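Visitor: Take a look at entry15.cif, mmCIF, C-alpha atoms:
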```cif
data_query
loop_
_atom_site.label_atom_id
_atom_site.label_comp_id
_atom_site.auth_asym_id
_atom_site.auth_seq_id
_atom_site.Cartn_x
_atom_site.Cartn_y
_atom_site.Cartn_z
CA MET A 7 -81.50 4.83 -36.50
CA THR A 8 -80.86 8.11 -38.30
CA ARG A 9 -77.57 9.39 -39.55
CA ALA A 10 -77.65 12.26 -37.06
CA ARG A 11 -78.09 9.88 -34.20
CA LEU A 12 -75.20 7.83 -35.47
CA ALA A 13 -73.03 10.93 -35.72
CA THR A 14 -74.02 11.92 -32.21
CA ARG A 15 -73.10 8.56 -30.88
CA ALA A 16 -69.78 8.57 -32.74
CA VAL A 17 -68.85 12.00 -31.40
CA THR A 18 -69.88 10.99 -27.90
CA LEU A 19 -67.84 7.83 -28.19
CA ALA A 20 -64.84 9.76 -29.51
CA ALA A 21 -65.16 12.29 -26.73
CA ALA A 22 -65.43 9.55 -24.15
CA SER A 23 -62.38 7.83 -25.65
CA ALA A 24 -60.41 11.07 -25.69
CA LEU A 25 -61.32 11.79 -22.10
CA ALA A 26 -60.41 8.26 -21.11
CA LEU A 27 -57.14 8.59 -22.96
CA THR A 28 -56.20 11.85 -21.36
CA SER A 29 -57.34 10.86 -17.91
CA CYS A 30 -55.94 7.34 -17.76
CA ALA A 31 -52.76 7.55 -19.78
CA SER A 32 -49.74 9.20 -18.15
CA LEU A 33 -48.47 12.09 -20.11
CA PRO A 34 -44.71 12.20 -20.78
CA GLN A 35 -42.88 14.60 -18.57
CA GLY A 36 -40.17 16.94 -19.73
CA PRO A 37 -36.54 15.84 -19.24
CA ALA A 38 -34.93 16.31 -15.88
CA PRO A 39 -32.44 19.16 -15.74
CA LEU A 40 -28.91 18.23 -16.74
CA PRO A 41 -26.27 18.08 -14.03
CA SER A 42 -23.88 20.99 -13.83
CA ALA A 43 -20.93 18.66 -14.42
CA PHE A 44 -20.64 15.18 -15.88
CA ILE A 45 -17.21 14.36 -14.44
CA PRO A 46 -17.26 13.60 -10.72
CA GLN A 47 -14.67 15.15 -8.49
CA VAL A 48 -12.03 12.59 -7.45
CA SER A 49 -10.04 13.20 -4.31
CA THR A 50 -6.32 13.23 -4.93
CA SER A 51 -5.87 11.19 -1.77
CA GLU A 52 -7.17 8.20 -3.71
CA VAL A 53 -3.98 8.31 -5.76
CA ALA A 54 -1.22 7.34 -3.40
CA ILE A 55 2.23 5.86 -3.58
CA ALA A 56 2.75 2.57 -1.83
CA PRO A 57 3.19 3.35 1.87
CA GLY A 58 6.68 3.43 3.26
CA VAL A 59 8.49 3.31 -0.06
CA LEU A 60 11.15 5.98 -0.58
CA ALA A 61 13.69 6.02 -3.38
CA GLY A 62 12.75 2.44 -4.17
CA PHE A 63 13.59 1.20 -0.67
CA THR A 64 10.88 0.09 1.74
CA ALA A 65 10.78 1.30 5.32
CA LEU A 66 12.01 -2.10 6.42
CA GLU A 67 14.98 -1.93 4.08
CA ARG A 68 15.83 1.61 5.18
CA ALA A 69 15.76 0.56 8.82
CA SER A 70 18.01 -2.46 8.25
CA MET A 71 21.66 -2.00 9.15
CA ARG A 72 24.87 -3.82 8.41
CA VAL A 73 26.92 -4.36 11.53
CA ARG A 74 30.71 -4.59 11.49
CA VAL A 75 32.32 -5.70 14.67
CA ARG A 76 35.94 -5.88 15.73
CA THR A 77 36.85 -7.88 18.77
CA CYS A 78 40.30 -8.23 20.29
CA THR A 79 40.97 -11.22 18.07
CA LYS A 80 38.81 -11.06 14.95
CA TYR A 81 36.37 -9.21 12.73
CA GLY A 82 32.75 -10.07 12.20
CA THR A 83 29.64 -8.88 10.44
CA GLY A 84 25.96 -9.11 11.21
CA SER A 85 22.71 -7.23 10.72
CA ALA A 86 20.55 -5.00 12.90
CA TRP A 87 17.47 -2.82 12.67
CA VAL A 88 16.77 0.66 13.93
CA LEU A 89 14.56 0.82 17.01
CA ASP A 90 14.68 4.58 17.56
CA GLU A 91 16.83 7.60 16.84
CA HIS A 92 19.91 6.32 18.68
CA HIS A 93 19.34 2.57 19.13
CA ALA A 94 19.46 -0.53 16.97
CA VAL A 95 18.56 -4.11 17.84
CA THR A 96 20.75 -7.05 16.87
CA ASN A 97 21.79 -10.43 18.22
CA ARG A 98 23.84 -10.81 21.35
CA HIS A 99 26.27 -13.13 19.59
CA VAL A 100 26.94 -10.46 16.95
CA VAL A 101 28.33 -7.89 19.39
CA THR A 102 29.69 -10.07 22.19
CA GLY A 103 33.32 -9.12 22.82
CA ALA A 104 33.15 -6.16 20.46
CA THR A 105 35.72 -3.42 20.85
CA ASP A 106 34.51 -1.55 17.83
CA ILE A 107 31.00 -1.49 16.35
CA ALA A 108 30.06 0.24 13.10
CA LEU A 109 26.66 0.22 11.45
CA THR A 110 26.13 0.93 7.77
CA SER A 111 22.75 1.78 6.27
CA PHE A 112 21.25 0.75 2.93
CA ASP A 113 22.72 3.87 1.29
CA GLY A 114 26.18 3.62 2.78
CA HIS A 115 25.88 5.96 5.76
CA THR A 116 27.98 4.81 8.68
CA TYR A 117 27.05 5.06 12.36
CA THR A 118 29.41 4.45 15.25
CA GLY A 119 28.31 2.19 18.07
CA THR A 120 29.27 3.52 21.49
CA SER A 121 27.90 0.78 23.74
CA ALA A 122 25.73 -2.31 23.74
CA VAL A 123 23.27 -3.93 26.11
CA LEU A 124 23.10 -7.73 26.00
CA ASP A 125 20.15 -9.85 27.06
CA SER A 126 21.03 -12.49 29.64
CA SER A 127 19.02 -15.29 28.03
CA ALA A 128 17.65 -14.48 24.59
CA ASP A 129 19.99 -13.78 21.69
CA LEU A 130 19.26 -10.06 21.69
CA ALA A 131 21.32 -6.91 22.09
CA LEU A 132 20.69 -3.19 21.87
CA ILE A 133 23.37 -0.99 20.29
CA THR A 134 23.60 2.71 21.08
CA VAL A 135 25.03 4.94 18.37
CA LYS A 136 26.51 8.40 18.48
CA GLU A 137 24.68 9.76 15.43
CA SER A 138 20.95 9.94 14.73
CA PHE A 139 19.20 7.40 12.53
CA PRO A 140 16.86 8.99 9.95
CA ASP A 141 14.63 5.92 9.54
CA VAL A 142 13.05 3.81 12.25
CA ALA A 143 11.41 0.39 12.02
CA THR A 144 7.93 -0.21 13.38
CA VAL A 145 7.42 -3.00 15.88
CA ALA A 146 4.20 -4.96 15.31
CA ASP A 147 1.41 -5.05 17.85
CA ALA A 148 0.61 -8.72 17.32
CA GLU A 149 2.49 -11.92 16.62
CA PRO A 150 2.31 -13.45 13.15
CA ASN A 151 -0.02 -16.33 12.41
CA ILE A 152 1.18 -19.71 11.22
CA GLY A 153 1.38 -19.56 7.42
CA ASP A 154 1.97 -15.82 7.23
CA VAL A 155 4.72 -14.86 4.81
CA LEU A 156 7.50 -13.11 6.70
CA LYS A 157 10.31 -10.99 5.30
CA ILE A 158 13.94 -11.00 6.39
CA ALA A 159 15.98 -7.91 5.51
CA GLY A 160 19.68 -8.12 6.17
CA TYR A 161 23.23 -8.28 4.88
CA PRO A 162 24.14 -11.92 4.14
CA GLU A 163 27.89 -12.58 4.28
CA GLY A 164 28.35 -8.93 5.17
CA LYS A 165 27.59 -7.91 1.60
CA ALA A 166 24.75 -5.95 -0.03
CA LEU A 167 21.30 -5.57 1.48
CA ALA A 168 19.00 -8.44 0.54
CA VAL A 169 15.43 -9.31 1.39
CA THR A 170 14.18 -12.89 1.50
CA GLU A 171 10.80 -14.15 2.50
CA GLY A 172 9.05 -17.34 3.43
CA PRO A 173 6.13 -18.73 5.42
CA PHE A 174 6.09 -18.83 9.20
CA ARG A 175 5.94 -22.57 9.93
CA ALA A 176 5.89 -23.11 13.68
CA ARG A 177 6.90 -22.07 17.17
CA VAL A 178 9.67 -24.41 18.25
CA ASP A 179 11.98 -24.82 21.22
CA ASP A 180 15.11 -22.72 21.25
CA SER A 181 17.77 -25.42 20.90
CA LEU A 182 20.68 -23.00 20.58
CA GLU A 183 20.18 -20.60 23.42
CA LYS A 184 18.76 -23.12 25.89
CA THR A 185 15.99 -20.78 26.98
CA LYS A 186 12.43 -21.58 27.89
CA ASP A 187 11.16 -19.27 25.20
CA LYS A 188 9.87 -20.58 21.94
CA VAL A 189 11.29 -19.23 18.68
CA TYR A 190 9.80 -18.74 15.25
CA GLN A 191 10.68 -21.27 12.57
CA ILE A 192 10.54 -19.65 9.13
CA GLU A 193 10.92 -21.41 5.80
CA ALA A 194 13.35 -18.91 4.33
CA GLN A 195 17.00 -18.84 3.44
CA SER A 196 19.47 -16.86 5.51
CA HIS A 197 23.24 -16.81 5.82
CA HIS A 198 26.06 -15.74 8.08
CA GLY A 199 25.76 -12.01 8.37
CA ASN A 200 21.97 -12.20 8.55
CA SER A 201 22.10 -12.55 12.32
CA GLY A 202 20.17 -9.67 13.85
CA SER A 203 18.05 -9.09 10.75
CA PRO A 204 14.53 -7.82 11.31
CA VAL A 205 11.80 -10.35 10.58
CA ALA A 206 8.75 -8.47 9.40
CA ASN A 207 5.14 -9.16 8.50
CA ALA A 208 3.46 -8.17 5.24
CA ASP A 209 3.07 -4.59 6.49
CA GLY A 210 6.79 -4.31 7.15
CA GLU A 211 6.35 -4.32 10.92
CA VAL A 212 8.99 -6.15 12.93
CA VAL A 213 7.71 -9.34 14.52
CA GLY A 214 11.01 -10.99 15.38
CA VAL A 215 14.79 -10.99 15.15
CA LEU A 216 16.59 -13.61 13.09
CA TYR A 217 19.40 -15.36 14.93
CA ALA A 218 20.09 -18.74 13.31
CA SER A 219 19.53 -20.93 10.29
CA ASP A 220 20.33 -24.40 9.08
CA ASP A 221 21.31 -25.79 5.71
CA HIS A 222 17.73 -26.58 4.75
CA ASP A 223 16.30 -23.11 4.17
CA VAL A 224 14.98 -22.90 7.70
CA SER A 225 15.61 -19.76 9.71
CA LEU A 226 14.99 -19.21 13.40
CA ALA A 227 13.96 -15.92 14.94
CA VAL A 228 13.47 -14.54 18.42
CA THR A 229 9.75 -14.01 18.96
CA LEU A 230 7.90 -10.74 19.39
CA PRO A 231 7.02 -11.38 23.07
CA THR A 232 10.67 -12.14 23.86
CA LEU A 233 11.73 -8.99 22.06
CA GLU A 234 9.15 -6.94 23.96
CA ASP A 235 10.32 -8.42 27.27
CA PHE A 236 13.91 -7.48 26.41
CA LEU A 237 13.01 -3.93 25.43
CA ASN A 238 10.80 -3.46 28.49
CA ASP A 239 13.43 -4.76 30.89
CA LEU A 240 16.67 -3.25 29.67
CA GLY A 241 17.67 -2.45 33.23
CA SER A 242 18.41 -6.09 33.97
CA ALA A 243 20.45 -6.59 30.80
CA THR A 244 24.25 -6.62 30.72
CA LYS A 245 25.87 -3.38 29.63
CA VAL A 246 29.19 -3.59 27.83
CA THR A 247 31.50 -0.88 26.59
CA ALA A 248 34.11 -0.94 23.90
CA GLY A 249 37.67 -1.90 24.68
CA CYS A 250 39.48 -5.15 25.22
CA ALA A 251 40.20 -4.24 28.81
CA ALA A 252 36.46 -4.05 29.51
CA GLN A 253 35.88 -7.64 28.54
CA GLY A 254 35.74 -10.25 31.18
CA MET B 116 -92.91 6.86 -32.42
CA THR B 117 -91.42 5.78 -29.08
CA ASP B 118 -87.79 5.33 -28.18
CA THR B 119 -86.84 2.70 -25.69
CA SER B 120 -83.21 3.48 -25.86
CA PRO B 121 -81.84 3.91 -22.30
CA ASP B 122 -79.53 6.78 -23.30
CA THR B 123 -82.46 8.83 -24.60
CA PRO B 124 -84.60 9.84 -21.58
CA GLU B 125 -88.26 10.61 -21.91
CA TRP B 126 -89.27 14.21 -22.14
CA PRO B 127 -90.03 15.14 -18.52
CA THR B 128 -92.78 17.65 -19.18
CA ALA B 129 -95.07 14.92 -20.55
CA VAL B 130 -95.14 13.35 -17.09
CA THR B 131 -95.20 16.43 -14.85
CA ALA B 132 -97.99 18.32 -16.67
CA PRO B 133 -100.97 15.99 -16.99
CA ALA B 134 -103.42 18.85 -16.80
CA ASP B 135 -102.26 20.51 -19.96
CA PRO B 136 -104.55 20.41 -22.98
CA PRO B 137 -103.97 17.67 -25.49
CA ILE B 138 -101.24 18.21 -27.92
CA PRO B 139 -102.28 18.74 -31.49
CA ALA B 140 -101.84 15.96 -33.93
CA ASP B 141 -98.90 17.63 -35.69
CA THR B 142 -96.87 18.38 -32.40
CA PRO B 143 -95.25 14.88 -31.97
CA ALA B 144 -93.23 15.37 -35.17
CA THR B 145 -91.68 18.69 -33.89
CA ALA B 146 -90.43 17.42 -30.47
CA PRO B 147 -88.10 14.69 -31.76
CA ARG B 148 -86.61 17.08 -34.26
CA SER B 149 -85.93 19.53 -31.45
CA ARG B 150 -84.31 16.80 -29.35
CA ARG B 151 -82.14 15.70 -32.26
CA SER B 152 -81.09 19.28 -32.85
CA GLY B 153 -80.16 19.73 -29.20
CA ALA B 154 -78.22 16.51 -29.13
CA LEU B 155 -76.39 17.49 -32.26
CA VAL B 156 -75.39 20.81 -30.79
CA GLY B 157 -74.25 19.06 -27.63
CA ALA B 158 -72.25 16.64 -29.68
CA TRP B 159 -70.56 19.45 -31.58
CA VAL B 160 -69.76 21.19 -28.33
CA VAL B 161 -68.22 18.01 -27.00
CA LEU B 162 -66.37 17.58 -30.24
CA ALA B 163 -65.09 21.11 -30.00
CA LEU B 164 -63.94 20.46 -26.46
CA VAL B 165 -62.23 17.27 -27.56
CA ILE B 166 -60.52 19.03 -30.41
CA ALA B 167 -59.45 21.79 -28.06
CA SER B 168 -58.12 19.20 -25.66
CA LEU B 169 -56.24 17.45 -28.42
CA ILE B 170 -54.76 20.75 -29.55
CA GLY B 171 -53.66 21.44 -26.01
CA LEU B 172 -52.28 17.95 -25.68
CA SER B 173 -50.45 18.31 -28.96
CA ALA B 174 -48.98 21.60 -27.85
CA TYR B 175 -47.84 20.07 -24.60
CA LEU B 176 -46.31 17.07 -26.36
CA TYR B 177 -44.57 19.35 -28.81
CA ALA B 178 -43.12 21.38 -25.96
CA VAL B 179 -41.89 18.21 -24.27
CA HIS B 180 -40.47 17.01 -27.55
CA THR B 181 -38.66 20.30 -27.99
CA GLN B 182 -37.18 20.02 -24.52
CA TYR B 183 -35.97 16.48 -25.22
CA VAL B 184 -34.49 17.50 -28.54
CA SER B 185 -32.75 20.45 -26.91
CA GLN B 186 -31.39 18.31 -24.11
CA ASN B 187 -30.36 15.62 -26.55
CA ASP B 188 -28.39 18.21 -28.47
CA LYS B 189 -26.66 19.33 -25.28
CA LEU B 190 -25.95 15.76 -24.26
CA ARG B 191 -24.60 14.91 -27.67
CA SER B 192 -22.35 17.95 -27.57
CA GLU B 193 -21.24 17.10 -24.04
CA ALA B 194 -20.65 13.46 -24.96
CA THR B 195 -18.57 14.48 -27.95
CA ALA B 196 -16.49 16.85 -25.81
CA LEU B 197 -16.05 14.19 -23.13
CA GLY B 198 -15.14 11.64 -25.77
CA ALA B 199 -12.44 13.94 -27.10
CA GLN B 200 -11.23 14.61 -23.59
CA LEU B 201 -11.24 10.88 -22.82
CA ALA B 202 -9.20 10.16 -25.92
CA GLN B 203 -6.66 12.78 -24.86
CA GLU B 204 -6.60 11.44 -21.30
CA ARG B 205 -6.12 7.91 -22.57
CA ALA B 206 -3.26 9.01 -24.75
CA ALA B 207 -1.73 10.90 -21.83
CA THR B 208 -2.23 7.92 -19.54
CA GLY B 209 -0.55 5.69 -22.08
CA ARG B 210 2.41 8.05 -22.27
CA GLN B 211 2.59 8.31 -18.49
CA ALA B 212 2.41 4.53 -18.14
CA ALA B 213 5.33 4.20 -20.53
CA GLU B 214 7.24 6.90 -18.64
CA LEU B 215 6.37 5.23 -15.35
CA SER B 216 7.65 1.93 -16.63
CA THR B 217 10.88 3.61 -17.66
CA ILE B 218 11.15 5.34 -14.30
CA GLU B 219 10.51 2.08 -12.47
CA THR B 220 13.29 0.46 -14.44
CA GLN B 221 15.59 3.37 -13.70
CA LEU B 222 14.56 3.28 -10.04
CA ALA B 223 15.35 -0.42 -9.82
CA GLN B 224 18.72 0.25 -11.44
CA ALA B 225 19.34 3.15 -9.07
CA LYS B 226 18.37 0.99 -6.12
CA GLU B 227 20.75 -1.70 -7.29
CA ARG B 228 23.43 0.91 -7.79
CA ILE B 229 22.88 2.40 -4.34
CA SER B 230 23.10 -1.04 -2.76
CA THR B 231 26.25 -1.82 -4.72
CA LEU B 232 27.90 1.46 -3.76
CA ALA B 233 26.85 1.06 -0.13
CA ASN B 234 28.29 -2.45 -0.15
CA ASP B 235 31.50 -1.20 -1.78
CA ALA B 236 31.78 1.48 0.86
CA ALA B 237 31.18 -1.05 3.64
CA GLN B 238 33.74 -3.46 2.22
CA ALA B 239 36.21 -0.59 1.84
CA GLY B 240 35.54 0.32 5.46
CA ASP B 241 36.23 -3.28 6.46
CA ASP B 242 39.45 -3.31 4.44
CA ARG B 243 40.50 0.05 5.83
CA LEU B 244 39.93 -1.13 9.38
CA ALA B 245 41.90 -4.32 8.71
CA LEU B 246 44.71 -2.37 7.02
CA VAL B 247 44.89 0.07 9.91
CA ASP B 248 45.19 -2.88 12.28
CA VAL B 249 47.81 -4.66 10.19
CA ALA B 250 49.73 -1.41 9.76
CA ALA B 251 49.77 -1.06 13.53
CA SER B 252 50.99 -4.66 13.81
CA LEU B 253 53.76 -4.02 11.27
CA ILE B 254 54.81 -0.88 13.13
CA THR B 255 54.91 -2.93 16.33
CA CYS B 256 56.94 -5.55 14.45
CA ALA B 257 59.43 -2.89 13.30
CA ASP B 258 59.68 -1.45 16.81
CA GLN B 259 60.30 -4.88 18.30
CA ARG B 260 62.96 -5.66 15.70
CA GLN B 261 64.60 -2.34 16.48
CA THR B 262 64.56 -3.32 20.13
CA LEU B 263 66.04 -6.70 19.20
CA ILE B 264 68.83 -4.95 17.29
CA GLY B 265 69.58 -2.99 20.45
CA TYR B 266 69.75 -6.22 22.39
CA LEU B 267 72.11 -7.69 19.78
CA LYS B 268 74.36 -4.61 19.94
CA GLN B 269 74.72 -5.25 23.63
CA SER B 270 74.70 -9.04 23.32
CA SER B 271 77.22 -9.37 26.05
CA LEU B 272 74.55 -8.29 28.50
CA TYR B 273 72.16 -11.12 27.54
CA THR B 274 72.36 -14.86 27.25
CA ALA B 275 72.36 -16.36 23.80
CA ALA B 276 69.25 -18.39 24.66
CA SER B 277 67.29 -15.35 25.74
CA LEU B 278 68.28 -13.52 22.59
CA ARG B 279 67.19 -16.45 20.43
CA ALA B 280 63.91 -16.71 22.30
CA SER B 281 63.28 -13.01 21.87
CA GLU B 282 64.16 -13.19 18.18
CA ALA B 283 61.85 -16.17 17.67
CA GLN B 284 58.98 -14.40 19.47
CA ILE B 285 59.40 -11.27 17.37
CA THR B 286 59.70 -13.27 14.17
CA THR B 287 56.48 -15.15 14.93
CA TYR B 288 54.68 -11.88 15.58
CA CYS B 289 56.01 -10.27 12.42
CA ASN B 290 55.19 -13.31 10.32
CA GLY B 291 51.65 -13.19 11.61
CA ALA B 292 51.33 -9.52 10.72
CA GLU B 293 52.79 -10.14 7.29
CA GLN B 294 50.41 -13.06 6.74
CA THR B 295 47.43 -10.91 7.69
CA TYR B 296 48.63 -8.19 5.34
CA ASN B 297 48.92 -10.67 2.47
CA GLN B 298 45.46 -12.02 3.23
CA ILE B 299 44.00 -8.55 2.98
CA LEU B 300 45.78 -7.94 -0.30
CA SER B 301 44.46 -11.19 -1.72
CA GLY B 302 40.93 -10.36 -0.55
CA GLY B 303 40.77 -13.23 1.92
#
```
Could I get this structure in the form of structure tokens?
Guide:
Amino acid sequence: MTRARLATRAVTLAAASALALTSCASLPQGPAPLPSAFIPQVSTSEVAIAPGVLAGFTALERASMRVRVRTCTKYGTGSAWVLDEHHAVTNRHVVTGATDIALTSFDGHTYTGTSAVLDSSADLALITVKESFPDVATVADAEPNIGDVLKIAGYPEGKALAVTEGPFRARVDDSLEKTKDKVYQIEAQSHHGNSGSPVANADGEVVGVLYASDDHDVSLAVTLPTLEDFLNDLGSATKVTAGCAAQG
Amino acid sequence: MTDTSPDTPEWPTAVTAPADPPIPADTPATAPRSRRSGALVGAWVVLALVIASLIGLSAYLYAVHTQYVSQNDKLRSEATALGAQLAQERAATGRQAAELSTIETQLAQAKERISTLANDAAQAGDDRLALVDVAASLITCADQRQTLIGYLKQSSLYTAASLRASEAQITTYCNGAEQTYNQILSGG
């Protein structure tokens, strides 16, 4: 084989290799264009303050009221929560026999009760006030589940606003009011003066109304269905007005 | 000389022109040389094409390289700017977190203060209400004692027993009012 033939073969082989290389191998592409901005736009709505908190007080705390009652023979204190602009819910036993009702908010504003409506069976009452409440509590749509942690916001011993919490343990018979309705048993501490306190779920929505406790950190509350029945049937409730002469 | 190599085809004219006169004795030496020359030219052409292709490929690769280098420079510059911005943002976030912590502490103190003041106001309202009531009781006590004095001035009109009973009733009432007053003063 001559040198020329060898050269021819080498060139042919090189050409074939080059063609194979260029045809089979993928050529690198140029870089993709850069984005116009490297920092994504973030909606300001993603940065939000905890819902319902104002001046350090939650909506539940702002809707909780201290109740001062004067009867013909004594003074008493309890708690209540704002249902709407002119009404607050409390316990019947808090306002029974009242000749004078005054509500005080978390920040010291005072509201004057003009009348009260008492439930005939459950320990519930609705107070009407002369002034307008700025904050209103939200009533829950559904009952709490066993084990849910519930909050109680009220004025123990008629003193400063305090919030306690504990798990919802059971639905038990109402041994105090002798009604057919069940009541919520909550493993949380409450005191005199807490009567009428709102019992709220984790979202701060009212699910019941505290009305009793024992010495073993167990509190009892009127249930949400009972509360709804009371609010939906105020016409059959007993209306009372201030004044010793009005009492039976 | 014959070539059996499969990549070197036979000269076609030798087969398709049998009627041609015999080729002179010196012709066989010229034909292979011509074939080799043609193949060599073809090879150089192919080589030239390959070289041209490689030059083109190199140019393309250089252009791509240039684009990557350019983009890398931009990215490096952008990354440096973002890094500086991130450092500033982190520092600002740290300051804001410290301020937020301070504000939260102040807010908790303010909340406590608001609750305390609200409670003080409520207790003062309770005391005021009780004092108003006890003041009314003491005024009633004074009025009744004044009435009793009137009875005593005209004692001849009343029996001694009725005067004593009236005095005892008024004294009980006044003692009760005084006791309530003292309870309020002592915070009971």
Visitor: Starting from the shown file, work through the PyMOL selection byres ((chain A and resi 173) around 6) and note down what comes out as a list in words.
Guide: Gly153, Asp154, Val155, Leu156, Gly172, Phe174, Arg175, Ile192 and Glu193 of chain A
Visitor: Go ahead and write the residues just picked, C-alpha atoms, as a JSON list (two decimals), in the frame of the given file.
Guide:
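File produced: out.json:
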```json
[["chain", "number", "residue", "atom", "x", "y", "z"],
["A", 153, "GLY", "CA", 1.38, -19.56, 7.42],
["A", 154, "ASP", "CA", 1.97, -15.82, 7.23],
["A", 155, "VAL", "CA", 4.72, -14.86, 4.81],
["A", 156, "LEU", "CA", 7.50, -13.11, 6.70],
["A", 172, "GLY", "CA", 9.05, -17.34, 3.43],
["A", 174, "PHE", "CA", 6.09, -18.83, 9.20],
["A", 175, "ARG", "CA", 5.94, -22.57, 9.93],
["A", 192, "ILE", "CA", 10.54, -19.65, 9.13],
["A", 193, "GLU", "CA", 10.92, -21.41, 5.80]]
```
Visitor: Select residues of chain B: the criterion is any atom within 6 Å of an atom of chain A, counting all atoms listed in the file; output as a VMD selection string.
Guide: chain B and resid 158 165 179 229 to 230 233 to 234
Visitor: Determine the nearest neighbour of A:Leu237 from the options A:Ala104, A:Ala86, A:Leu66, A:Leu132, counting only C-alpha atoms.
Guide: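 Answer, going by the shortest atom-to-atom distance: A:Leu132.
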Visitor: Please list as an MDAnalysis selection string every residue within 10 Å of A:Ser201, counting all atoms listed in the file and excluding residues in the same chain fewer than 2 positions away.
Guide: chainID A and resid 72:73 83:86 96:100 129 160:163 196:199 203:204 215:219 226:227
Visitor: Please report the interatomic distance between atom CA of A:Ala194 and atom CA of A:Asp223 in Å with one decimal.
Guide: 5.1 Å
